[in-house]
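Take a look at the structure set out below.
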Amino acid sequence: MRLLPALFLCLPALAGAAEHRVVIDAMRFSPQVVQVKPGDTIVWENRDMFVHNVTAAATGASSGDLAPGKSWRYVVRGGTSFDYLCTLHPVMKGRVDVAGPRRRRAPAH
Ligand SMILES: [Cu+2]
């Protein structure tokens, strides 16, 4: 019976909401581009000596100001990639690259 092994192979994918870490230090986001899937969590961690924030105009998501040592968790809900920046230092930019759901070509009728 081949159904069972196939089921087990699928399990990691089902359980796999990942957590990604973006470090804020030396006036930059690192990594600058974080690659995620819908349902994943991103944690921005301010290790710099300055206050920073994470603000995405496109989604309206904002961390508010993060004092040094603070972090902000964000769960990726939508399937759309977006850019963000620190509004206190607009040269600090980053991007959340969301992998879309695997699409199947609609069967031809
Ligand atoms: Cu900043």
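Labels for the structure tokens follow display order: chains A, B, ..., residues from 1 in each chain, ligands from 1.
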
All residues within 6 Å of ligand 1 are required, counting only C-alpha atoms and all ligand atoms; please report them as a list in words.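 So the residues close to ligand 1 are His52, Asn53, Cys86, Leu88 and His89 of chain A.
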
In segment 55-91 of chain A, what's strand (DSSP E or B) per DSSP? Answer as a PyMOL selection string? chain A and resi 55-56+61-62+66+71-75+82-86+89-91

Restricting the output to N, CA and C atoms, write the selected residues as a PDB file, in the first residue's frame.
```
ATOM      1  N   THR A  55       8.047  49.407   9.133  1.00  0.00           N
ATOM      2  CA  THR A  55       6.784  49.965   8.639  1.00  0.00           C
ATOM      3  C   THR A  55       6.592  49.598   7.180  1.00  0.00           C
ATOM      4  N   ALA A  56       5.492  48.947   6.901  1.00  0.00           N
ATOM      5  CA  ALA A  56       5.184  48.541   5.529  1.00  0.00           C
ATOM      6  C   ALA A  56       3.961  49.318   5.069  1.00  0.00           C
ATOM      7  N   ALA A  61       1.192  47.360   8.024  1.00  0.00           N
ATOM      8  CA  ALA A  61       1.813  46.754   9.197  1.00  0.00           C
ATOM      9  C   ALA A  61       2.909  47.665   9.736  1.00  0.00           C
ATOM     10  N   SER A  62       2.926  47.829  11.050  1.00  0.00           N
ATOM     11  CA  SER A  62       3.973  48.636  11.656  1.00  0.00           C
ATOM     12  C   SER A  62       4.305  48.119  13.046  1.00  0.00           C
ATOM     13  N   LEU A  66      10.782  50.594  18.068  1.00  0.00           N
ATOM     14  CA  LEU A  66      11.424  49.504  18.802  1.00  0.00           C
ATOM     15  C   LEU A  66      12.688  50.045  19.472  1.00  0.00           C
ATOM     16  N   SER A  71      12.006  43.481  20.275  1.00  0.00           N
ATOM     17  CA  SER A  71      11.755  42.766  19.026  1.00  0.00           C
ATOM     18  C   SER A  71      10.265  42.816  18.712  1.00  0.00           C
ATOM     19  N   TRP A  72       9.936  42.470  17.489  1.00  0.00           N
ATOM     20  CA  TRP A  72       8.542  42.527  17.016  1.00  0.00           C
ATOM     21  C   TRP A  72       8.253  41.292  16.187  1.00  0.00           C
ATOM     22  N   ARG A  73       7.186  40.607  16.541  1.00  0.00           N
ATOM     23  CA  ARG A  73       6.771  39.403  15.812  1.00  0.00           C
ATOM     24  C   ARG A  73       5.636  39.745  14.866  1.00  0.00           C
ATOM     25  N   TYR A  74       5.714  39.202  13.698  1.00  0.00           N
ATOM     26  CA  TYR A  74       4.697  39.477  12.680  1.00  0.00           C
ATOM     27  C   TYR A  74       4.394  38.179  11.947  1.00  0.00           C
ATOM     28  N   VAL A  75       3.116  37.844  11.865  1.00  0.00           N
ATOM     29  CA  VAL A  75       2.713  36.642  11.152  1.00  0.00           C
ATOM     30  C   VAL A  75       2.285  37.035   9.738  1.00  0.00           C
ATOM     31  N   PHE A  82       6.089  42.367   0.004  1.00  0.00           N
ATOM     32  CA  PHE A  82       6.022  43.813   0.250  1.00  0.00           C
ATOM     33  C   PHE A  82       7.370  44.352   0.721  1.00  0.00           C
ATOM     34  N   ASP A  83       7.551  45.644   0.460  1.00  0.00           N
ATOM     35  CA  ASP A  83       8.728  46.355   0.933  1.00  0.00           C
ATOM     36  C   ASP A  83       8.397  47.032   2.253  1.00  0.00           C
ATOM     37  N   TYR A  84       9.397  47.251   3.053  1.00  0.00           N
ATOM     38  CA  TYR A  84       9.193  48.005   4.288  1.00  0.00           C
ATOM     39  C   TYR A  84      10.409  48.879   4.536  1.00  0.00           C
ATOM     40  N   LEU A  85      10.254  49.787   5.487  1.00  0.00           N
ATOM     41  CA  LEU A  85      11.386  50.638   5.850  1.00  0.00           C
ATOM     42  C   LEU A  85      11.258  51.053   7.304  1.00  0.00           C
ATOM     43  N   CYS A  86      12.295  51.717   7.772  1.00  0.00           N
ATOM     44  CA  CYS A  86      12.250  52.363   9.081  1.00  0.00           C
ATOM     45  C   CYS A  86      11.930  53.819   8.820  1.00  0.00           C
ATOM     46  N   HIS A  89      14.547  56.346   9.784  1.00  0.00           N
ATOM     47  CA  HIS A  89      15.754  56.372   8.937  1.00  0.00           C
ATOM     48  C   HIS A  89      15.369  55.758   7.597  1.00  0.00           C
ATOM     49  N   PRO A  90      14.753  56.561   6.728  1.00  0.00           N
ATOM     50  CA  PRO A  90      14.172  55.987   5.492  1.00  0.00           C
ATOM     51  C   PRO A  90      15.174  55.327   4.552  1.00  0.00           C
ATOM     52  N   VAL A  91      16.465  55.497   4.827  1.00  0.00           N
ATOM     53  CA  VAL A  91      17.437  54.766   4.002  1.00  0.00           C
ATOM     54  C   VAL A  91      17.464  53.287   4.380  1.00  0.00           C
TER      55      VAL A  91
END
```

Can you work out which one of A:Ala67, A:Met92, A:Val43, A:Ala99 has the shortest atom-to-atom distance to Met27 of chain A, counting only C-alpha atoms?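 For Met27 of chain A, the nearest of the given residues is A:Met92.
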
For each of A:Lys70, A:Arg47, A:Lys37, A:His20, take the minimum atom-to-atom distance to Val98 of chain A, counting only C-alpha atoms, then give the residue where this is smallest.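 Checking each candidate against Val98 of chain A, we get A:Lys37 as the closest.
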
Find the residues around Asp25 of chain A up to 7 Å (only C-alpha atoms counted), leave out those fewer than 3 positions away in its own chain, and share them as a PyMOL selection string. chain A and resi 28-29+46-48

Please indicate the distance in Å from atom CA of Val54 of chain A to atom CA of Gln32 of chain A, rounded to one decimal place.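 Going from atom CA of Val54 of chain A over to atom CA of Gln32 of chain A, I get 12.1 Å.
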
Give me the residues near Val34 of chain A as a list of chain:residue names, where near means some atom within 9 Å (using only C-alpha atoms) and where sequence neighbours in that chain fewer than 2 positions away do not count. A:His20, A:Arg21, A:Val22, A:Ser30, A:Pro31, A:Gln32, A:Val36, A:Ile42, A:Gly94, A:Arg95, A:Val96, A:Asp97, A:Val98

What does the distance between atom CA of Arg77 of chain A and atom CA of Gly100 of chain A come to in Å, to one decimal place? 11.5 Å

Selected residue, from A:Asp40, A:Thr59, A:Phe50, A:Gly16, that lies nearest to Val76 of chain A when counting only C-alpha atoms: A:Asp40
